[in-house]
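To start, the structure under review is shown below, and the notes come after it.
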There are 2 protein chains.
Amino acid sequence: MAQKPSIPKGTRDFGQVEMARRNYIFDTIKGVFSLYGFQQIETPAMENIGTLMGKYGEEGDKLLFRIQNSGEKAALAPEKGLRYDLTVPFARYVVQHREEISFPFKRFQIQPVWRADRPQKGRYREFYQCDVDVIGSDSLIGELELIQIVEEVYRRLGINVCLHINNRKILAGIAEVIGAPDKMIDITVAIDKLDKIGVDAVNDELRERGLSDEAVAALQPILNLSGSTAEKLAALRTILASSEVGLKGVEEMEEVFGLIETTGVKLNIELDLCLARGLNYYTGAIFEVKALDAQIGSITGGGRYDNLTGIFGLPGVSGVGISFGADRIYDVLTELDLFPKELQSETQILFATFGTDELRYALRWVKALREAGITTEIFPEPTKMKKQMGYADSKHIPFVAIVGGDEMAQNKVMLKNMASGEQRLVSLEELLKALKS
Amino acid sequence: MAQKPSIPKGTRDFGQVEMARRNYIFDTIKGVFSLYGFQQIETPAMENIGTLMGKYGEEGDKLLFRIQNSGEKAALAPEKGLRYDLTVPFARYVVQHREEISFPFKRFQIQPVWRADRPQKGRYREFYQCDVDVIGSDSLIGELELIQIVEEVYRRLGINVCLHINNRKILAGIAEVIGAPDKMIDITVAIDKLDKIGVDAVNDELRERGLSDEAVAALQPILNLSGSTAEKLAALRTILASSEVGLKGVEEMEEVFGLIETTGVKLNIELDLCLARGLNYYTGAIFEVKALDAQIGSITGGGRYDNLTGIFGLPGVSGVGISFGADRIYDVLTELDLFPKELQSETQILFATFGTDELRYALRWVKALREAGITTEIFPEPTKMKKQMGYADSKHIPFVAIVGGDEMAQNKVMLKNMASGEQRLVSLEELLKALKS
């Protein structure tokens, strides 16, 4: 026999149970996106390599999967690469289709991306991203709606979360007032690690990145700001009094929290000045969502960007977006045992028969049940009853209709409840009634 | 400004309207698959190149998109290629996971595939396939259920179709009785073209492929068999009397038509002895579905295979499957104007406001509507009313709630029906009632 076949390292097959669970996550998220008027788009798996190169830093360029051109004219064709995220294809899409799009453009996109990363636990070479963005407006209603979407998605999924929010303008203001206005990126990269490496290591890193001792000292009270959101914002107003951009950031946060209050958002929301997010294109609000009952890091994140489409020649278009991490949400739902039980089987009933005549007889029942919208299977051969029951067991099918000569003679079937083991003889009408309830 | 970005030749972006329509097709098909107890799986976009090579003929090997390995150990890693169809990955999946699978294994799979074909009208380098198969049983209930699925999918989509059915064993029997038992493939390849090139050209091709004049002559009455299905099958019983495999094929067809009658299938079904289908792995029933009101060729096709998994070392597992052509179904629905009108917009109502206070006021209404499950948008800025109405128009949103100072003072909104132009002042309760009906 040939060697058992396999799939490339870092990729996965999804069987029926995993697919039912993944679809549950995607359908829940899509349902909420739709309710807010976001509409789905899809872009090709392959992009011209020029669209991708230089967008993810030097490290990212190395992690692009490139496609070999085939055929005679291979040398002439533009090189291609597999989609690395959904953000760059989205920016490319907006610029390419700008004449057809009504702005503000509210889109979502759920597709796989590919990265030639070293595979490890929880890190795959093929995985789905699930992005929602509104682009073409700088109204903070955008931020509000994303926060409401986070609230509603996790309410529906039953996961308790906390949304951490910060603002890049506040971070820029902090860099200004501590006397290191050119170090905003260095500061954000360093304090982004606060959770992981602690305050001393962050301070060391800040010094390594060229911050003076005075600047590091000036930063400490800001990192340690506590109290209610209103208190934090009031303190920041004072601290950032000399920074125009910093005050603008405070103002934006005040407005966002005002909108949150107006609309009665009940989500846990924390103004977290240590939240930085590594991506350079963020210019306003930044978000991260953490599950409260699982140790898994961020399960959703995003922020406001003012110039995402600038890389493709369309500057000055502001947008805000977030991305749901489907794999991590899957892990949280598994860990907390929150997947609905009915996902185990879509099939409600299996017909199992003792002979060829019974099989034919059962086919009409099967048809009637399906016409009533009941997901129904029939074991295709009148083989050993044990085998047929085993099939129902392995697929977690809750009911089996057993059909032998006696049942057929009475125009009935023997309905077996697989959980309780209980059996009773039922007519088609009784069966429909039992399964519909 | 930089050059306008573009996407690789033969690939497509799908905007919101196309996605809504594509999702309508996929959701309809998935709904029917599920009703029959078929469950979804997904396989990675990339397969090891050894999984793909040699499975699609020499021409197919050339059309595989290969992935370049990146990183230091590139030379050591196994080469990879993009999925070319869903059949080979399915066979690979069944063999790889055979210990976890309950047979008969009823699976469906809806994913894109990639072929480095020359792009032309209706032929893309990235396109979706939509396959449903039951594997691990040779019961003809499999054929029956696929026929029922075809009937139900096209009933739900509103497309009138005819299903053509034939059997490879009958074709083998014909080859035997006309004295060319080794020419079954040549005969099927040639008569597969009957529709396109006519009977004379087919006969020429048969002679070129080495059939004697006698064999070609003997074939003619079979190609011209007419009458009802029962009459055709009766005639075949006589013609194929000396061929064991041929009679087995006739028997299978009789049984399938018997099952069709038992279950009251109303689909147009034609026993079509000229249907051959090019793929070599078919060994029993073969199907093709054509739309009656559109000139577009086959929109669904498939058949029975006895040894698909043999290529991966698991011989003797019989299955039957069909594939729905989503792109062609899309074209038929477009041509016949059969897409439901409500796909034009998911958003039922847009809130348009005259000022910042009105915007804040409207947010609470928006929230109440969404909580009632009504897809609602709010234009995020109180900009010119014309612009806000233009947004509603371009997104085909049927209702706009206009909010000015007067409305706000009365705790109402002005509800505008965008189709009729009619406007009336409504309370939140009245609005909910109007939108729910």
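Residue numbers start at 1 in each chain; chains themselves are named A, B, ... in the order of the structure tokens; ligands are numbered from 1 in the order shown.
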
Contacts of segment 353-369 of chain B within 7 Å, only C-alpha atoms, excl. fewer than 4 positions in-chain, as a PyMOL selection string: (chain A and resi 263) or (chain B and resi 373-374+376+382+402-405+408+432)

Contacts of Glu251 of chain B at 12 Å (only C-alpha atoms; same-chain gap of 6+ positions) as JSON, numbers by chain: {"B": [140, 167, 169, 170, 230, 233, 234, 236, 237, 240, 241, 244, 245, 257, 258, 284, 285]}

Saved selection, atoms kept: all heavy atoms, as a compact mmCIF listing (two decimals), in the first residue's frame:
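Listed below is the output, out.txt:
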# COMPACT_ATOMS: atom_id res chain seq x y z
N LEU B 140 -27.61 2.26 -4.56
CA LEU B 140 -28.09 3.26 -5.51
C LEU B 140 -28.98 4.32 -4.86
O LEU B 140 -29.42 5.26 -5.52
CB LEU B 140 -28.82 2.57 -6.67
CG LEU B 140 -27.90 1.62 -7.47
CD1 LEU B 140 -28.70 0.86 -8.51
CD2 LEU B 140 -26.77 2.38 -8.14
N ASN B 167 -24.98 5.51 -17.91
CA ASN B 167 -24.23 4.61 -17.05
C ASN B 167 -23.00 4.12 -17.81
O ASN B 167 -23.12 3.65 -18.94
CB ASN B 167 -25.13 3.45 -16.62
CG ASN B 167 -24.51 2.64 -15.50
OD1 ASN B 167 -23.43 2.06 -15.67
ND2 ASN B 167 -25.18 2.61 -14.36
N LYS B 169 -21.32 1.56 -17.34
CA LYS B 169 -21.36 0.11 -17.62
C LYS B 169 -22.13 -0.15 -18.91
O LYS B 169 -21.79 -1.06 -19.67
CB LYS B 169 -22.01 -0.64 -16.46
CG LYS B 169 -21.20 -0.57 -15.16
CD LYS B 169 -21.75 -1.51 -14.10
CE LYS B 169 -20.96 -1.43 -12.81
NZ LYS B 169 -21.26 -0.22 -12.01
N ILE B 170 -23.15 0.67 -19.17
CA ILE B 170 -23.86 0.53 -20.44
C ILE B 170 -22.92 0.90 -21.59
O ILE B 170 -22.87 0.20 -22.62
CB ILE B 170 -25.13 1.43 -20.45
CG1 ILE B 170 -26.16 0.88 -19.45
CG2 ILE B 170 -25.73 1.51 -21.85
CD1 ILE B 170 -27.45 1.69 -19.34
N ALA B 230 -38.46 3.44 -20.29
CA ALA B 230 -38.72 2.00 -20.21
C ALA B 230 -38.45 1.34 -21.57
O ALA B 230 -37.85 0.26 -21.62
CB ALA B 230 -40.17 1.76 -19.78
N LEU B 233 -34.65 1.19 -22.15
CA LEU B 233 -34.01 0.17 -21.32
C LEU B 233 -34.34 -1.23 -21.84
O LEU B 233 -33.48 -2.12 -21.87
CB LEU B 233 -34.43 0.32 -19.85
CG LEU B 233 -33.80 1.52 -19.13
CD1 LEU B 233 -34.42 1.71 -17.74
CD2 LEU B 233 -32.28 1.34 -18.99
N ALA B 234 -35.59 -1.42 -22.29
CA ALA B 234 -35.98 -2.71 -22.85
C ALA B 234 -35.17 -3.01 -24.11
O ALA B 234 -34.65 -4.13 -24.30
CB ALA B 234 -37.47 -2.73 -23.15
N LEU B 236 -32.25 -1.85 -24.83
CA LEU B 236 -30.86 -2.09 -24.44
C LEU B 236 -30.67 -3.51 -23.92
O LEU B 236 -29.65 -4.15 -24.16
CB LEU B 236 -30.42 -1.08 -23.38
CG LEU B 236 -30.04 0.31 -23.91
CD1 LEU B 236 -29.83 1.27 -22.75
CD2 LEU B 236 -28.78 0.24 -24.78
N ARG B 237 -31.66 -4.00 -23.17
CA ARG B 237 -31.61 -5.38 -22.67
C ARG B 237 -31.36 -6.36 -23.82
O ARG B 237 -30.59 -7.30 -23.68
CB ARG B 237 -32.92 -5.76 -21.98
CG ARG B 237 -32.96 -5.40 -20.53
CD ARG B 237 -33.82 -6.37 -19.71
NE ARG B 237 -33.62 -6.06 -18.30
CZ ARG B 237 -32.69 -6.64 -17.54
NH1 ARG B 237 -31.93 -7.60 -18.02
NH2 ARG B 237 -32.53 -6.29 -16.28
N LEU B 240 -27.77 -5.51 -25.53
CA LEU B 240 -26.63 -5.83 -24.68
C LEU B 240 -26.69 -7.25 -24.10
O LEU B 240 -25.94 -7.57 -23.18
CB LEU B 240 -26.53 -4.81 -23.54
CG LEU B 240 -26.35 -3.35 -23.97
CD1 LEU B 240 -26.36 -2.42 -22.76
CD2 LEU B 240 -25.06 -3.15 -24.76
N ALA B 241 -27.59 -8.08 -24.66
CA ALA B 241 -27.82 -9.42 -24.10
C ALA B 241 -26.55 -10.21 -23.88
O ALA B 241 -26.43 -10.98 -22.93
CB ALA B 241 -28.80 -10.19 -24.99
N GLU B 244 -22.14 -8.93 -20.07
CA GLU B 244 -22.47 -8.99 -18.66
C GLU B 244 -22.47 -7.59 -18.04
O GLU B 244 -23.41 -7.19 -17.35
CB GLU B 244 -21.45 -9.87 -17.93
CG GLU B 244 -21.86 -10.27 -16.53
CD GLU B 244 -20.77 -11.09 -15.84
OE1 GLU B 244 -19.98 -11.76 -16.56
OE2 GLU B 244 -20.70 -11.04 -14.59
N VAL B 245 -21.40 -6.83 -18.32
CA VAL B 245 -21.29 -5.49 -17.74
C VAL B 245 -22.41 -4.59 -18.26
O VAL B 245 -22.99 -3.79 -17.52
CB VAL B 245 -19.88 -4.89 -17.98
CG1 VAL B 245 -19.59 -4.67 -19.45
CG2 VAL B 245 -19.72 -3.57 -17.23
N PHE B 257 -34.33 4.23 -11.78
CA PHE B 257 -35.62 4.75 -12.22
C PHE B 257 -36.76 4.24 -11.34
O PHE B 257 -37.75 4.94 -11.11
CB PHE B 257 -35.85 4.47 -13.71
CG PHE B 257 -35.17 5.47 -14.61
CD1 PHE B 257 -33.95 5.18 -15.20
CD2 PHE B 257 -35.74 6.73 -14.84
CE1 PHE B 257 -33.30 6.12 -16.00
CE2 PHE B 257 -35.11 7.66 -15.63
CZ PHE B 257 -33.88 7.36 -16.23
N GLY B 258 -36.61 3.02 -10.83
CA GLY B 258 -37.60 2.50 -9.88
C GLY B 258 -37.64 3.34 -8.60
O GLY B 258 -38.71 3.70 -8.10
N GLY B 284 -20.01 3.99 -13.00
CA GLY B 284 -21.44 3.62 -12.98
C GLY B 284 -22.26 4.75 -13.56
O GLY B 284 -21.97 5.25 -14.64
N ALA B 285 -23.27 5.18 -12.81
CA ALA B 285 -24.14 6.26 -13.26
C ALA B 285 -23.33 7.52 -13.54
O ALA B 285 -22.34 7.80 -12.84
CB ALA B 285 -25.19 6.56 -12.20

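Residues with any atom within 10 Å of Ser345 of chain B, counting only C-alpha atoms and excluding same-chain neighbours fewer than 5 positions away, are Gly37 and Gln39 of chain A; Gln16, Val17, Ala20, Thr375, Ala392, Ser394, Lys395, His396, Ile397 and Pro398 of chain B.
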
Near-Val413 of chain B list (7 Å; only C-alpha atoms; drop same-chain fewer than 3 positions) as a count of residues only: 7

Contacts of Thr283 of chain B at 10 Å (only C-alpha atoms; same-chain gap of 6+ positions) as a PyMOL selection string: chain B and resi 167-172+249+303-307+318-320

Point-to-point distance in Å for atom CA of Asp200 of chain A and atom CA of Leu275 of chain A: 16.9 Å

Spatial neighbours of Val265 of chain B, 10 Å, only C-alpha atoms, chain gap at least 6 places, as number ranges by chain: A: 367; B: 144, 147-148, 151-152, 257, 259

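Residue neighbourhood of Ile185 of chain A, excluding near-sequence residues (fewer than 5 positions): Arg168, Leu171, Ala172, Ala175, Ala190, Ile191, Ala276, Gly278, Leu279 and Asn280 of chain A, at 10 Å, using only C-alpha atoms.
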
Per-residue DSSP, segment 199-437 of chain B, filtered to strand (DSSP E or B), as a ChimeraX atom specification: /B:268-271,282-291,298-305,319-324,349-353,376-378,399-403,413-417,423-426

Those residues you just picked out, can you put them in a file as a tab-separated table (two decimals), in the first residue's frame with N, CA and C atoms?
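So again_31.tsv came out as:
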chain	number	residue	atom	x	y	z
B	268	ASN	N	-37.44	16.62	-14.58
B	268	ASN	CA	-37.25	16.06	-15.92
B	268	ASN	C	-35.99	15.23	-15.93
B	269	ILE	N	-36.11	13.95	-16.24
B	269	ILE	CA	-34.93	13.09	-16.28
B	269	ILE	C	-34.91	12.35	-17.60
B	270	GLU	N	-33.79	12.40	-18.28
B	270	GLU	CA	-33.70	11.74	-19.58
B	270	GLU	C	-32.55	10.75	-19.58
B	271	LEU	N	-32.86	9.50	-19.91
B	271	LEU	CA	-31.80	8.51	-20.11
B	271	LEU	C	-31.14	8.84	-21.43
B	282	TYR	N	-15.09	7.62	-13.57
B	282	TYR	CA	-16.48	7.17	-13.42
B	282	TYR	C	-16.64	5.72	-13.85
B	283	THR	N	-17.46	4.97	-13.08
B	283	THR	CA	-17.64	3.55	-13.37
B	283	THR	C	-19.10	3.12	-13.39
B	284	GLY	N	-20.01	3.99	-13.00
B	284	GLY	CA	-21.44	3.62	-12.98
B	284	GLY	C	-22.26	4.75	-13.56
B	285	ALA	N	-23.27	5.18	-12.81
B	285	ALA	CA	-24.14	6.26	-13.26
B	285	ALA	C	-23.33	7.52	-13.54
B	286	ILE	N	-23.72	8.25	-14.58
B	286	ILE	CA	-23.16	9.58	-14.81
B	286	ILE	C	-24.33	10.54	-15.04
B	287	PHE	N	-24.15	11.77	-14.58
B	287	PHE	CA	-25.22	12.78	-14.63
B	287	PHE	C	-24.74	14.06	-15.27
B	288	GLU	N	-25.66	14.76	-15.87
B	288	GLU	CA	-25.41	16.14	-16.26
B	288	GLU	C	-26.74	16.87	-16.21
B	289	VAL	N	-26.71	18.11	-15.73
B	289	VAL	CA	-27.93	18.89	-15.60
B	289	VAL	C	-27.82	20.12	-16.50
B	290	LYS	N	-28.86	20.34	-17.31
B	290	LYS	CA	-28.87	21.52	-18.18
B	290	LYS	C	-30.06	22.40	-17.85
B	291	ALA	N	-29.84	23.71	-17.90
B	291	ALA	CA	-30.94	24.67	-17.72
B	291	ALA	C	-31.74	24.68	-19.00
B	298	SER	N	-23.76	22.46	-19.36
B	298	SER	CA	-24.05	21.77	-18.12
B	298	SER	C	-23.83	22.68	-16.91
B	299	ILE	N	-24.78	22.69	-15.97
B	299	ILE	CA	-24.61	23.49	-14.75
B	299	ILE	C	-24.36	22.62	-13.51
B	300	THR	N	-24.49	21.32	-13.67
B	300	THR	CA	-24.21	20.37	-12.59
B	300	THR	C	-23.84	19.05	-13.25
B	301	GLY	N	-22.90	18.33	-12.68
B	301	GLY	CA	-22.55	17.04	-13.26
B	301	GLY	C	-21.84	16.17	-12.26
B	302	GLY	N	-21.78	14.87	-12.57
B	302	GLY	CA	-21.09	13.97	-11.66
B	302	GLY	C	-21.32	12.52	-12.02
B	303	GLY	N	-21.07	11.64	-11.07
B	303	GLY	CA	-21.26	10.24	-11.35
B	303	GLY	C	-20.72	9.33	-10.26
B	304	ARG	N	-20.82	8.04	-10.51
B	304	ARG	CA	-20.38	7.00	-9.58
B	304	ARG	C	-18.94	6.60	-9.92
B	305	TYR	N	-18.11	6.47	-8.91
B	305	TYR	CA	-16.73	6.01	-9.09
B	305	TYR	C	-16.49	4.87	-8.12
B	319	GLY	N	-18.18	5.28	-4.44
B	319	GLY	CA	-18.88	6.50	-4.06
B	319	GLY	C	-19.58	7.11	-5.25
B	320	VAL	N	-20.39	8.12	-4.97
B	320	VAL	CA	-21.07	8.83	-6.05
B	320	VAL	C	-21.17	10.29	-5.64
B	321	GLY	N	-20.95	11.18	-6.61
B	321	GLY	CA	-20.95	12.59	-6.27
B	321	GLY	C	-21.32	13.47	-7.44
B	322	ILE	N	-21.72	14.69	-7.12
B	322	ILE	CA	-21.97	15.68	-8.16
B	322	ILE	C	-21.39	17.01	-7.73
B	323	SER	N	-21.23	17.87	-8.72
B	323	SER	CA	-20.64	19.18	-8.51
B	323	SER	C	-21.54	20.24	-9.14
B	324	PHE	N	-21.88	21.25	-8.34
B	324	PHE	CA	-22.71	22.34	-8.85
B	324	PHE	C	-21.79	23.47	-9.35
B	349	ILE	N	-33.24	50.28	6.57
B	349	ILE	CA	-33.47	51.70	6.82
B	349	ILE	C	-32.17	52.43	7.14
B	350	LEU	N	-32.09	53.65	6.60
B	350	LEU	CA	-30.96	54.54	6.91
B	350	LEU	C	-31.49	55.73	7.70
B	351	PHE	N	-30.79	56.11	8.76
B	351	PHE	CA	-31.11	57.35	9.47
B	351	PHE	C	-30.24	58.48	8.90
B	352	ALA	N	-30.92	59.55	8.47
B	352	ALA	CA	-30.23	60.72	7.93
B	352	ALA	C	-30.58	61.90	8.83
B	353	THR	N	-29.58	62.67	9.21
B	353	THR	CA	-29.82	63.71	10.24
B	353	THR	C	-29.34	65.08	9.78
B	376	THR	N	-30.06	48.12	10.17
B	376	THR	CA	-30.21	49.57	10.23
B	376	THR	C	-28.84	50.24	10.09
B	377	GLU	N	-28.82	51.34	9.35
B	377	GLU	CA	-27.61	52.15	9.28
B	377	GLU	C	-27.93	53.58	9.66
B	378	ILE	N	-26.88	54.27	10.08
B	378	ILE	CA	-27.02	55.71	10.31
B	378	ILE	C	-25.89	56.38	9.55
B	399	PHE	N	-35.96	52.41	2.94
B	399	PHE	CA	-36.53	53.46	3.80
B	399	PHE	C	-35.44	54.37	4.37
B	400	VAL	N	-35.78	55.65	4.49
B	400	VAL	CA	-34.89	56.58	5.18
B	400	VAL	C	-35.69	57.26	6.30
B	401	ALA	N	-35.10	57.33	7.49
B	401	ALA	CA	-35.70	58.07	8.59
B	401	ALA	C	-34.96	59.40	8.68
B	402	ILE	N	-35.68	60.49	8.38
B	402	ILE	CA	-35.07	61.81	8.37
B	402	ILE	C	-35.30	62.46	9.74
B	403	VAL	N	-34.24	62.99	10.32
B	403	VAL	CA	-34.34	63.56	11.66
B	403	VAL	C	-33.84	65.00	11.68
B	413	VAL	N	-39.70	60.57	13.97
B	413	VAL	CA	-38.82	60.74	12.80
B	413	VAL	C	-39.72	60.80	11.56
B	414	MET	N	-39.18	61.36	10.48
B	414	MET	CA	-39.91	61.43	9.22
B	414	MET	C	-39.51	60.20	8.39
B	415	LEU	N	-40.45	59.27	8.21
B	415	LEU	CA	-40.14	58.03	7.50
B	415	LEU	C	-40.42	58.21	6.01
B	416	LYS	N	-39.38	58.05	5.20
B	416	LYS	CA	-39.57	58.21	3.76
B	416	LYS	C	-39.44	56.86	3.06
B	417	ASN	N	-40.46	56.54	2.27
B	417	ASN	CA	-40.42	55.34	1.43
B	417	ASN	C	-39.70	55.72	0.14
B	423	GLN	N	-43.87	60.29	2.48
B	423	GLN	CA	-43.25	60.58	3.79
B	423	GLN	C	-44.32	60.67	4.87
B	424	ARG	N	-44.01	60.16	6.06
B	424	ARG	CA	-44.93	60.40	7.19
B	424	ARG	C	-44.17	60.40	8.50
B	425	LEU	N	-44.71	61.18	9.42
B	425	LEU	CA	-44.11	61.33	10.74
B	425	LEU	C	-44.51	60.13	11.60
B	426	VAL	N	-43.53	59.44	12.19
B	426	VAL	CA	-43.86	58.24	12.96
B	426	VAL	C	-43.14	58.21	14.31
